[in-house]
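A.B. asks: Contents of final05.cif (mmCIF, N, CA and C atoms):
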data_work
loop_
_atom_site.group_PDB
_atom_site.id
_atom_site.type_symbol
_atom_site.label_atom_id
_atom_site.label_comp_id
_atom_site.auth_asym_id
_atom_site.auth_seq_id
_atom_site.Cartn_x
_atom_site.Cartn_y
_atom_site.Cartn_z
ATOM 1 N N MET A 1 51.196 138.971 71.689
ATOM 2 C CA MET A 1 50.052 138.092 71.816
ATOM 3 C C MET A 1 50.366 137.012 72.834
ATOM 4 N N MET A 2 49.422 136.738 73.699
ATOM 5 C CA MET A 2 49.568 135.683 74.696
ATOM 6 C C MET A 2 48.383 134.750 74.558
ATOM 7 N N ALA A 3 48.653 133.482 74.458
ATOM 8 C CA ALA A 3 47.613 132.474 74.364
ATOM 9 C C ALA A 3 47.996 131.331 75.284
ATOM 10 N N VAL A 4 47.064 130.459 75.539
ATOM 11 C CA VAL A 4 47.331 129.277 76.348
ATOM 12 C C VAL A 4 47.074 128.058 75.476
ATOM 13 N N ALA A 5 48.076 127.214 75.356
ATOM 14 C CA ALA A 5 47.937 125.986 74.576
ATOM 15 C C ALA A 5 47.599 124.852 75.524
ATOM 16 N N LYS A 6 46.554 124.127 75.203
ATOM 17 C CA LYS A 6 46.198 122.946 75.987
ATOM 18 C C LYS A 6 46.947 121.772 75.389
ATOM 19 N N THR A 7 47.832 121.205 76.178
ATOM 20 C CA THR A 7 48.671 120.106 75.722
ATOM 21 C C THR A 7 48.376 118.869 76.536
ATOM 22 N N HIS A 8 48.988 117.787 76.141
ATOM 23 C CA HIS A 8 48.854 116.530 76.872
ATOM 24 C C HIS A 8 49.390 116.667 78.297
ATOM 25 N N ILE A 9 50.353 117.563 78.489
ATOM 26 C CA ILE A 9 50.971 117.728 79.802
ATOM 27 C C ILE A 9 50.292 118.807 80.645
ATOM 28 N N GLY A 10 49.346 119.514 80.076
ATOM 29 C CA GLY A 10 48.652 120.590 80.780
ATOM 30 C C GLY A 10 48.643 121.851 79.945
ATOM 31 N N GLU A 11 48.283 122.960 80.566
ATOM 32 C CA GLU A 11 48.214 124.232 79.861
ATOM 33 C C GLU A 11 49.545 124.976 79.969
ATOM 34 N N VAL A 12 49.979 125.535 78.840
ATOM 35 C CA VAL A 12 51.237 126.283 78.793
ATOM 36 C C VAL A 12 50.958 127.610 78.114
ATOM 37 N N LYS A 13 51.407 128.700 78.728
ATOM 38 C CA LYS A 13 51.231 130.022 78.129
ATOM 39 C C LYS A 13 52.145 130.172 76.926
ATOM 40 N N MET A 14 51.563 130.616 75.823
ATOM 41 C CA MET A 14 52.312 130.751 74.582
ATOM 42 C C MET A 14 52.419 132.227 74.221
ATOM 43 N N SER A 15 53.620 132.687 73.970
ATOM 44 C CA SER A 15 53.881 134.063 73.580
ATOM 45 C C SER A 15 54.888 134.027 72.445
ATOM 46 N N ARG A 16 54.624 134.783 71.389
ATOM 47 C CA ARG A 16 55.559 134.796 70.255
ATOM 48 C C ARG A 16 56.980 135.100 70.711
ATOM 49 N N GLY A 17 57.115 136.176 71.476
ATOM 50 C CA GLY A 17 58.446 136.596 71.912
ATOM 51 C C GLY A 17 59.156 135.554 72.748
ATOM 52 N N LYS A 18 58.454 134.993 73.717
ATOM 53 C CA LYS A 18 59.068 133.988 74.598
ATOM 54 C C LYS A 18 59.382 132.709 73.841
ATOM 55 N N LEU A 19 58.472 132.270 72.954
ATOM 56 C CA LEU A 19 58.743 131.070 72.161
ATOM 57 C C LEU A 19 59.977 131.251 71.291
ATOM 58 N N LEU A 20 60.089 132.407 70.651
ATOM 59 C CA LEU A 20 61.250 132.659 69.790
ATOM 60 C C LEU A 20 62.531 132.783 70.603
ATOM 61 N N GLU A 21 62.438 133.378 71.781
ATOM 62 C CA GLU A 21 63.605 133.485 72.661
ATOM 63 C C GLU A 21 64.049 132.095 73.117
ATOM 64 N N PHE A 22 63.072 131.266 73.504
ATOM 65 C CA PHE A 22 63.386 129.895 73.913
ATOM 66 C C PHE A 22 64.000 129.118 72.747
ATOM 67 N N TYR A 23 63.389 129.222 71.582
ATOM 68 C CA TYR A 23 63.871 128.527 70.392
ATOM 69 C C TYR A 23 65.328 128.903 70.094
ATOM 70 N N SER A 24 65.639 130.183 70.191
ATOM 71 C CA SER A 24 67.008 130.622 69.901
ATOM 72 C C SER A 24 68.004 130.155 70.966
ATOM 73 N N SER A 25 67.514 129.792 72.151
ATOM 74 C CA SER A 25 68.403 129.301 73.207
ATOM 75 C C SER A 25 68.735 127.818 73.043
ATOM 76 N N LEU A 26 68.014 127.124 72.174
ATOM 77 C CA LEU A 26 68.240 125.700 71.964
ATOM 78 C C LEU A 26 69.507 125.472 71.142
ATOM 79 N N GLU A 27 70.060 124.296 71.267
ATOM 80 C CA GLU A 27 71.234 123.951 70.474
ATOM 81 C C GLU A 27 70.866 123.903 69.000
ATOM 82 N N ASN A 28 71.824 124.248 68.177
ATOM 83 C CA ASN A 28 71.610 124.330 66.736
ATOM 84 C C ASN A 28 71.074 123.023 66.151
ATOM 85 N N SER A 29 71.560 121.888 66.617
ATOM 86 C CA SER A 29 71.122 120.603 66.080
ATOM 87 C C SER A 29 69.635 120.358 66.369
ATOM 88 N N TYR A 30 69.164 120.754 67.547
ATOM 89 C CA TYR A 30 67.756 120.585 67.905
ATOM 90 C C TYR A 30 66.879 121.515 67.056
ATOM 91 N N ARG A 31 67.337 122.755 66.867
ATOM 92 C CA ARG A 31 66.590 123.694 66.018
ATOM 93 C C ARG A 31 66.505 123.177 64.586
ATOM 94 N N THR A 32 67.571 122.570 64.116
ATOM 95 C CA THR A 32 67.577 122.029 62.757
ATOM 96 C C THR A 32 66.558 120.909 62.607
ATOM 97 N N VAL A 33 66.504 120.006 63.582
ATOM 98 C CA VAL A 33 65.519 118.917 63.537
ATOM 99 C C VAL A 33 64.107 119.493 63.518
ATOM 100 N N LEU A 34 63.829 120.464 64.382
ATOM 101 C CA LEU A 34 62.498 121.083 64.406
ATOM 102 C C LEU A 34 62.160 121.694 63.053
ATOM 103 N N ASP A 35 63.097 122.453 62.496
ATOM 104 C CA ASP A 35 62.837 123.125 61.223
ATOM 105 C C ASP A 35 62.625 122.145 60.072
ATOM 106 N N VAL A 36 63.453 121.111 60.012
ATOM 107 C CA VAL A 36 63.329 120.133 58.924
ATOM 108 C C VAL A 36 61.994 119.397 59.006
ATOM 109 N N ARG A 37 61.637 118.935 60.189
ATOM 110 C CA ARG A 37 60.381 118.194 60.341
ATOM 111 C C ARG A 37 59.170 119.074 60.073
ATOM 112 N N LEU A 38 59.182 120.307 60.585
ATOM 113 C CA LEU A 38 58.059 121.221 60.352
ATOM 114 C C LEU A 38 57.974 121.614 58.877
ATOM 115 N N ALA A 39 59.125 121.805 58.243
ATOM 116 C CA ALA A 39 59.126 122.159 56.817
ATOM 117 C C ALA A 39 58.567 121.022 55.969
ATOM 118 N N ARG A 40 58.897 119.795 56.317
ATOM 119 C CA ARG A 40 58.349 118.646 55.589
ATOM 120 C C ARG A 40 56.843 118.545 55.750
ATOM 121 N N THR A 41 56.361 118.815 56.938
ATOM 122 C CA THR A 41 54.941 118.662 57.233
ATOM 123 C C THR A 41 54.118 119.867 56.792
ATOM 124 N N TYR A 42 54.624 121.079 57.028
ATOM 125 C CA TYR A 42 53.849 122.305 56.789
ATOM 126 C C TYR A 42 54.431 123.226 55.722
ATOM 127 N N GLY A 43 55.663 122.966 55.316
ATOM 128 C CA GLY A 43 56.316 123.867 54.370
ATOM 129 C C GLY A 43 56.755 125.168 55.017
ATOM 130 N N LYS A 44 56.842 125.169 56.353
ATOM 131 C CA LYS A 44 57.241 126.367 57.103
ATOM 132 C C LYS A 44 58.179 125.982 58.220
ATOM 133 N N ARG A 45 59.067 126.916 58.571
ATOM 134 C CA ARG A 45 59.986 126.711 59.683
ATOM 135 C C ARG A 45 59.290 127.072 60.999
ATOM 136 N N PHE A 46 59.922 126.699 62.099
ATOM 137 C CA PHE A 46 59.390 126.957 63.434
ATOM 138 C C PHE A 46 59.030 128.430 63.605
ATOM 139 N N GLU A 47 59.961 129.305 63.261
ATOM 140 C CA GLU A 47 59.752 130.739 63.461
ATOM 141 C C GLU A 47 58.526 131.248 62.691
ATOM 142 N N GLU A 48 58.337 130.745 61.481
ATOM 143 C CA GLU A 48 57.195 131.171 60.678
ATOM 144 C C GLU A 48 55.874 130.745 61.311
ATOM 145 N N ILE A 49 55.833 129.532 61.818
ATOM 146 C CA ILE A 49 54.610 129.034 62.461
ATOM 147 C C ILE A 49 54.319 129.839 63.718
ATOM 148 N N VAL A 50 55.348 130.100 64.510
ATOM 149 C CA VAL A 50 55.163 130.871 65.752
ATOM 150 C C VAL A 50 54.674 132.289 65.447
ATOM 151 N N LEU A 51 55.226 132.915 64.437
ATOM 152 C CA LEU A 51 54.810 134.276 64.106
ATOM 153 C C LEU A 51 53.365 134.330 63.626
ATOM 154 N N GLU A 52 52.913 133.295 62.931
ATOM 155 C CA GLU A 52 51.540 133.264 62.432
ATOM 156 C C GLU A 52 50.537 132.898 63.524
ATOM 157 N N ALA A 53 50.844 131.866 64.305
ATOM 158 C CA ALA A 53 49.887 131.382 65.309
ATOM 159 C C ALA A 53 50.617 130.646 66.426
ATOM 160 N N PRO A 54 51.121 131.374 67.420
ATOM 161 C CA PRO A 54 51.893 130.722 68.488
ATOM 162 C C PRO A 54 51.091 129.689 69.275
ATOM 163 N N ASP A 55 49.787 129.882 69.370
ATOM 164 C CA ASP A 55 48.973 128.933 70.134
ATOM 165 C C ASP A 55 48.787 127.602 69.405
ATOM 166 N N ASN A 56 49.177 127.522 68.135
ATOM 167 C CA ASN A 56 49.066 126.275 67.375
ATOM 168 C C ASN A 56 50.368 125.488 67.309
ATOM 169 N N ILE A 57 51.406 125.960 67.987
ATOM 170 C CA ILE A 57 52.711 125.302 67.866
ATOM 171 C C ILE A 57 52.685 123.882 68.430
ATOM 172 N N TYR A 58 51.941 123.641 69.486
ATOM 173 C CA TYR A 58 51.890 122.277 70.047
ATOM 174 C C TYR A 58 51.295 121.307 69.042
ATOM 175 N N GLU A 59 50.211 121.683 68.420
ATOM 176 C CA GLU A 59 49.589 120.810 67.422
ATOM 177 C C GLU A 59 50.519 120.588 66.238
ATOM 178 N N ALA A 60 51.207 121.644 65.818
ATOM 179 C CA ALA A 60 52.147 121.526 64.700
ATOM 180 C C ALA A 60 53.285 120.576 65.067
ATOM 181 N N LEU A 61 53.825 120.718 66.263
ATOM 182 C CA LEU A 61 54.901 119.837 66.695
ATOM 183 C C LEU A 61 54.415 118.402 66.853
ATOM 184 N N SER A 62 53.205 118.227 67.371
ATOM 185 C CA SER A 62 52.643 116.879 67.528
ATOM 186 C C SER A 62 52.537 116.172 66.189
ATOM 187 N N ARG A 63 52.074 116.895 65.206
ATOM 188 C CA ARG A 63 51.903 116.303 63.871
ATOM 189 C C ARG A 63 53.254 116.042 63.202
ATOM 190 N N ALA A 64 54.200 116.952 63.371
ATOM 191 C CA ALA A 64 55.495 116.828 62.692
ATOM 192 C C ALA A 64 56.467 115.897 63.413
ATOM 193 N N LEU A 65 56.418 115.878 64.756
ATOM 194 C CA LEU A 65 57.402 115.121 65.537
ATOM 195 C C LEU A 65 56.824 113.958 66.320
ATOM 196 N N GLY A 66 55.508 113.937 66.472
ATOM 197 C CA GLY A 66 54.864 112.958 67.336
ATOM 198 C C GLY A 66 54.530 113.596 68.674
ATOM 199 N N ARG A 67 53.524 113.068 69.333
ATOM 200 C CA ARG A 67 53.047 113.644 70.594
ATOM 201 C C ARG A 67 54.112 113.647 71.684
ATOM 202 N N HIS A 68 54.836 112.539 71.821
ATOM 203 C CA HIS A 68 55.855 112.466 72.874
ATOM 204 C C HIS A 68 56.890 113.577 72.714
ATOM 205 N N ASN A 69 57.401 113.754 71.508
ATOM 206 C CA ASN A 69 58.417 114.780 71.283
ATOM 207 C C ASN A 69 57.850 116.185 71.439
ATOM 208 N N ALA A 70 56.591 116.386 71.058
ATOM 209 C CA ALA A 70 55.946 117.684 71.280
ATOM 210 C C ALA A 70 55.811 117.945 72.775
ATOM 211 N N ASP A 71 55.477 116.902 73.535
ATOM 212 C CA ASP A 71 55.381 117.038 74.996
ATOM 213 C C ASP A 71 56.738 117.373 75.609
ATOM 214 N N VAL A 72 57.777 116.724 75.128
ATOM 215 C CA VAL A 72 59.128 117.015 75.631
ATOM 216 C C VAL A 72 59.473 118.479 75.365
ATOM 217 N N PHE A 73 59.182 118.956 74.168
ATOM 218 C CA PHE A 73 59.431 120.356 73.832
ATOM 219 C C PHE A 73 58.675 121.274 74.789
ATOM 220 N N MET A 74 57.394 120.984 75.030
ATOM 221 C CA MET A 74 56.573 121.837 75.895
ATOM 222 C C MET A 74 57.050 121.804 77.344
ATOM 223 N N ILE A 75 57.505 120.654 77.805
ATOM 224 C CA ILE A 75 58.054 120.555 79.160
ATOM 225 C C ILE A 75 59.310 121.422 79.269
ATOM 226 N N MET A 76 60.181 121.318 78.262
ATOM 227 C CA MET A 76 61.396 122.136 78.258
ATOM 228 C C MET A 76 61.044 123.622 78.239
ATOM 229 N N TYR A 77 60.064 123.999 77.429
ATOM 230 C CA TYR A 77 59.633 125.401 77.329
ATOM 231 C C TYR A 77 59.036 125.875 78.661
ATOM 232 N N ALA A 78 58.174 125.069 79.262
ATOM 233 C CA ALA A 78 57.552 125.447 80.535
ATOM 234 C C ALA A 78 58.604 125.615 81.633
ATOM 235 N N ARG A 79 59.562 124.724 81.685
ATOM 236 C CA ARG A 79 60.634 124.835 82.698
ATOM 237 C C ARG A 79 61.500 126.059 82.438
ATOM 238 N N TRP A 80 61.753 126.355 81.162
ATOM 239 C CA TRP A 80 62.516 127.538 80.799
ATOM 240 C C TRP A 80 61.772 128.792 81.259
ATOM 241 N N LEU A 81 60.454 128.829 81.049
ATOM 242 C CA LEU A 81 59.642 129.963 81.500
ATOM 243 C C LEU A 81 59.708 130.105 83.016
ATOM 244 N N GLN A 82 59.651 129.003 83.725
ATOM 245 C CA GLN A 82 59.730 129.043 85.191
ATOM 246 C C GLN A 82 61.065 129.612 85.635
ATOM 247 N N ARG A 83 62.153 129.171 85.013
ATOM 248 C CA ARG A 83 63.483 129.691 85.383
ATOM 249 C C ARG A 83 63.567 131.190 85.104
ATOM 250 N N LYS A 84 62.995 131.637 83.999
ATOM 251 C CA LYS A 84 63.014 133.067 83.640
ATOM 252 C C LYS A 84 62.218 133.882 84.646
ATOM 253 N N ALA A 85 61.113 133.328 85.141
ATOM 254 C CA ALA A 85 60.262 134.055 86.096
ATOM 255 C C ALA A 85 60.964 134.191 87.456
ATOM 256 N N VAL A 86 61.774 133.227 87.792
ATOM 257 C CA VAL A 86 62.472 133.243 89.077
ATOM 258 C C VAL A 86 63.663 134.187 89.016
ATOM 259 N N SER A 87 64.310 134.298 87.877
ATOM 260 C CA SER A 87 65.508 135.140 87.743
ATOM 261 C C SER A 87 65.214 136.593 87.933
#
Take the structure I supplied and represent it as structure tokens, if you would.

C.D. replies:
Amino acid sequence: MMAVAKTHIGEVKMSRGKLLEFYSSLENSYRTVLDVRLARTYGKRFEEIVLEAPDNIYEALSRALGRHNADVFMIMYARWLQRKAVS
């Protein structure tokens, strides 16, 4: 599934596979923070939210971490996608 999430920083293509690949490339401490905050807010981990609705991950992160941190995540994801496309 491919969707486009409209974020504060612009539009970012969302794909379950790419989001999960990016998530697994992050440092363990960052993944833990994401999982703990999302679990507190939604009762679900990052992977569960992505598998159910990848296009809603920005909103979920905004609510769980705040808009700034959700934007930082999306910027990191978008740059990661750009590097993958160039490789």

A.B. asks: Residues of chain A classed as alpha helix (DSSP H) by DSSP on the backbone are to be reported as a PyMOL selection string.

C.D. replies: chain A and resi 16-25+28-42+46-52+57-65+67-86

A.B. asks: Can you pull out the residues contacting segment 63-67 of chain A? Cut-off 6 Å, using only C-alpha atoms, and skip same-chain residues under 3 positions away; I want them as a ChimeraX atom specification.

C.D. replies: /A:37-38,41,60,70

A.B. asks: Can you tell me how far atom N of Tyr23 of chain A sits from atom CA of Ser62 of chain A, in Å to one decimal?

C.D. replies: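 If I compute the distance from atom N of Tyr23 of chain A to atom CA of Ser62 of chain A, I get 16.9 Å.
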
A.B. asks: Between atom N of Gly43 of chain A and atom N of Gln82 of chain A, what distance in Å does the model show, to one decimal?

C.D. replies: 29.3 Å

A.B. asks: As lines of an AutoDock Vina configuration file, please report the centre and edge lengths, rounded to one decimal in Å, of the axis-aligned box that holds all listed atoms of segment 51-63 of chain A with 5 Å of padding on each of the six sides.

C.D. replies:
center_x = 52.0
center_y = 125.2
center_z = 66.3
size_x = 16.4
size_y = 28.3
size_z = 17.7

A.B. asks: Restricting the calculation to only C-alpha atoms, which member of A:Leu81, A:Leu19, A:Val33, A:Ile75 is positioned closest to Val50 of chain A?

C.D. replies: A:Leu19

A.B. asks: So the first atom is atom C of Trp80 of chain A and the second is atom C of Arg31 of chain A; what is the distance between them in Å, to one decimal place?

C.D. replies: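 If I compute the distance from atom C of Trp80 of chain A to atom C of Arg31 of chain A, I get 18.2 Å.
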
A.B. asks: With only C-alpha atoms as the atoms that count, which of A:Asn69, A:Asp55, A:Glu27, A:Ala85 lies nearest to Lys13 of chain A?

C.D. replies: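 Among the listed residues, the smallest separation from Lys13 of chain A belongs to A:Asp55.
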
A.B. asks: Can you list, as an mmCIF file with N, CA and C atoms, keeping the file's coordinate frame, all residues belonging to segment 6-73 of chain A that DSSP tags as strand (DSSP E or B)?

C.D. replies:
data_model
loop_
_atom_site.group_PDB
_atom_site.id
_atom_site.type_symbol
_atom_site.label_atom_id
_atom_site.label_comp_id
_atom_site.auth_asym_id
_atom_site.auth_seq_id
_atom_site.Cartn_x
_atom_site.Cartn_y
_atom_site.Cartn_z
ATOM 1 N N LYS A 6 46.554 124.127 75.203
ATOM 2 C CA LYS A 6 46.198 122.946 75.987
ATOM 3 C C LYS A 6 46.947 121.772 75.389
ATOM 4 N N THR A 7 47.832 121.205 76.178
ATOM 5 C CA THR A 7 48.671 120.106 75.722
ATOM 6 C C THR A 7 48.376 118.869 76.536
ATOM 7 N N GLY A 10 49.346 119.514 80.076
ATOM 8 C CA GLY A 10 48.652 120.590 80.780
ATOM 9 C C GLY A 10 48.643 121.851 79.945
ATOM 10 N N GLU A 11 48.283 122.960 80.566
ATOM 11 C CA GLU A 11 48.214 124.232 79.861
ATOM 12 C C GLU A 11 49.545 124.976 79.969
ATOM 13 N N VAL A 12 49.979 125.535 78.840
ATOM 14 C CA VAL A 12 51.237 126.283 78.793
ATOM 15 C C VAL A 12 50.958 127.610 78.114
ATOM 16 N N LYS A 13 51.407 128.700 78.728
ATOM 17 C CA LYS A 13 51.231 130.022 78.129
ATOM 18 C C LYS A 13 52.145 130.172 76.926
ATOM 19 N N MET A 14 51.563 130.616 75.823
ATOM 20 C CA MET A 14 52.312 130.751 74.582
ATOM 21 C C MET A 14 52.419 132.227 74.221
ATOM 22 N N SER A 15 53.620 132.687 73.970
ATOM 23 C CA SER A 15 53.881 134.063 73.580
ATOM 24 C C SER A 15 54.888 134.027 72.445
#

A.B. asks: Quick one: residues within 8 Å of Val36 of chain A, only C-alpha atoms, excluding same-chain residues fewer than 4 positions away - as an NGL selection string?

C.D. replies: :A and (32 or 40 or 45)
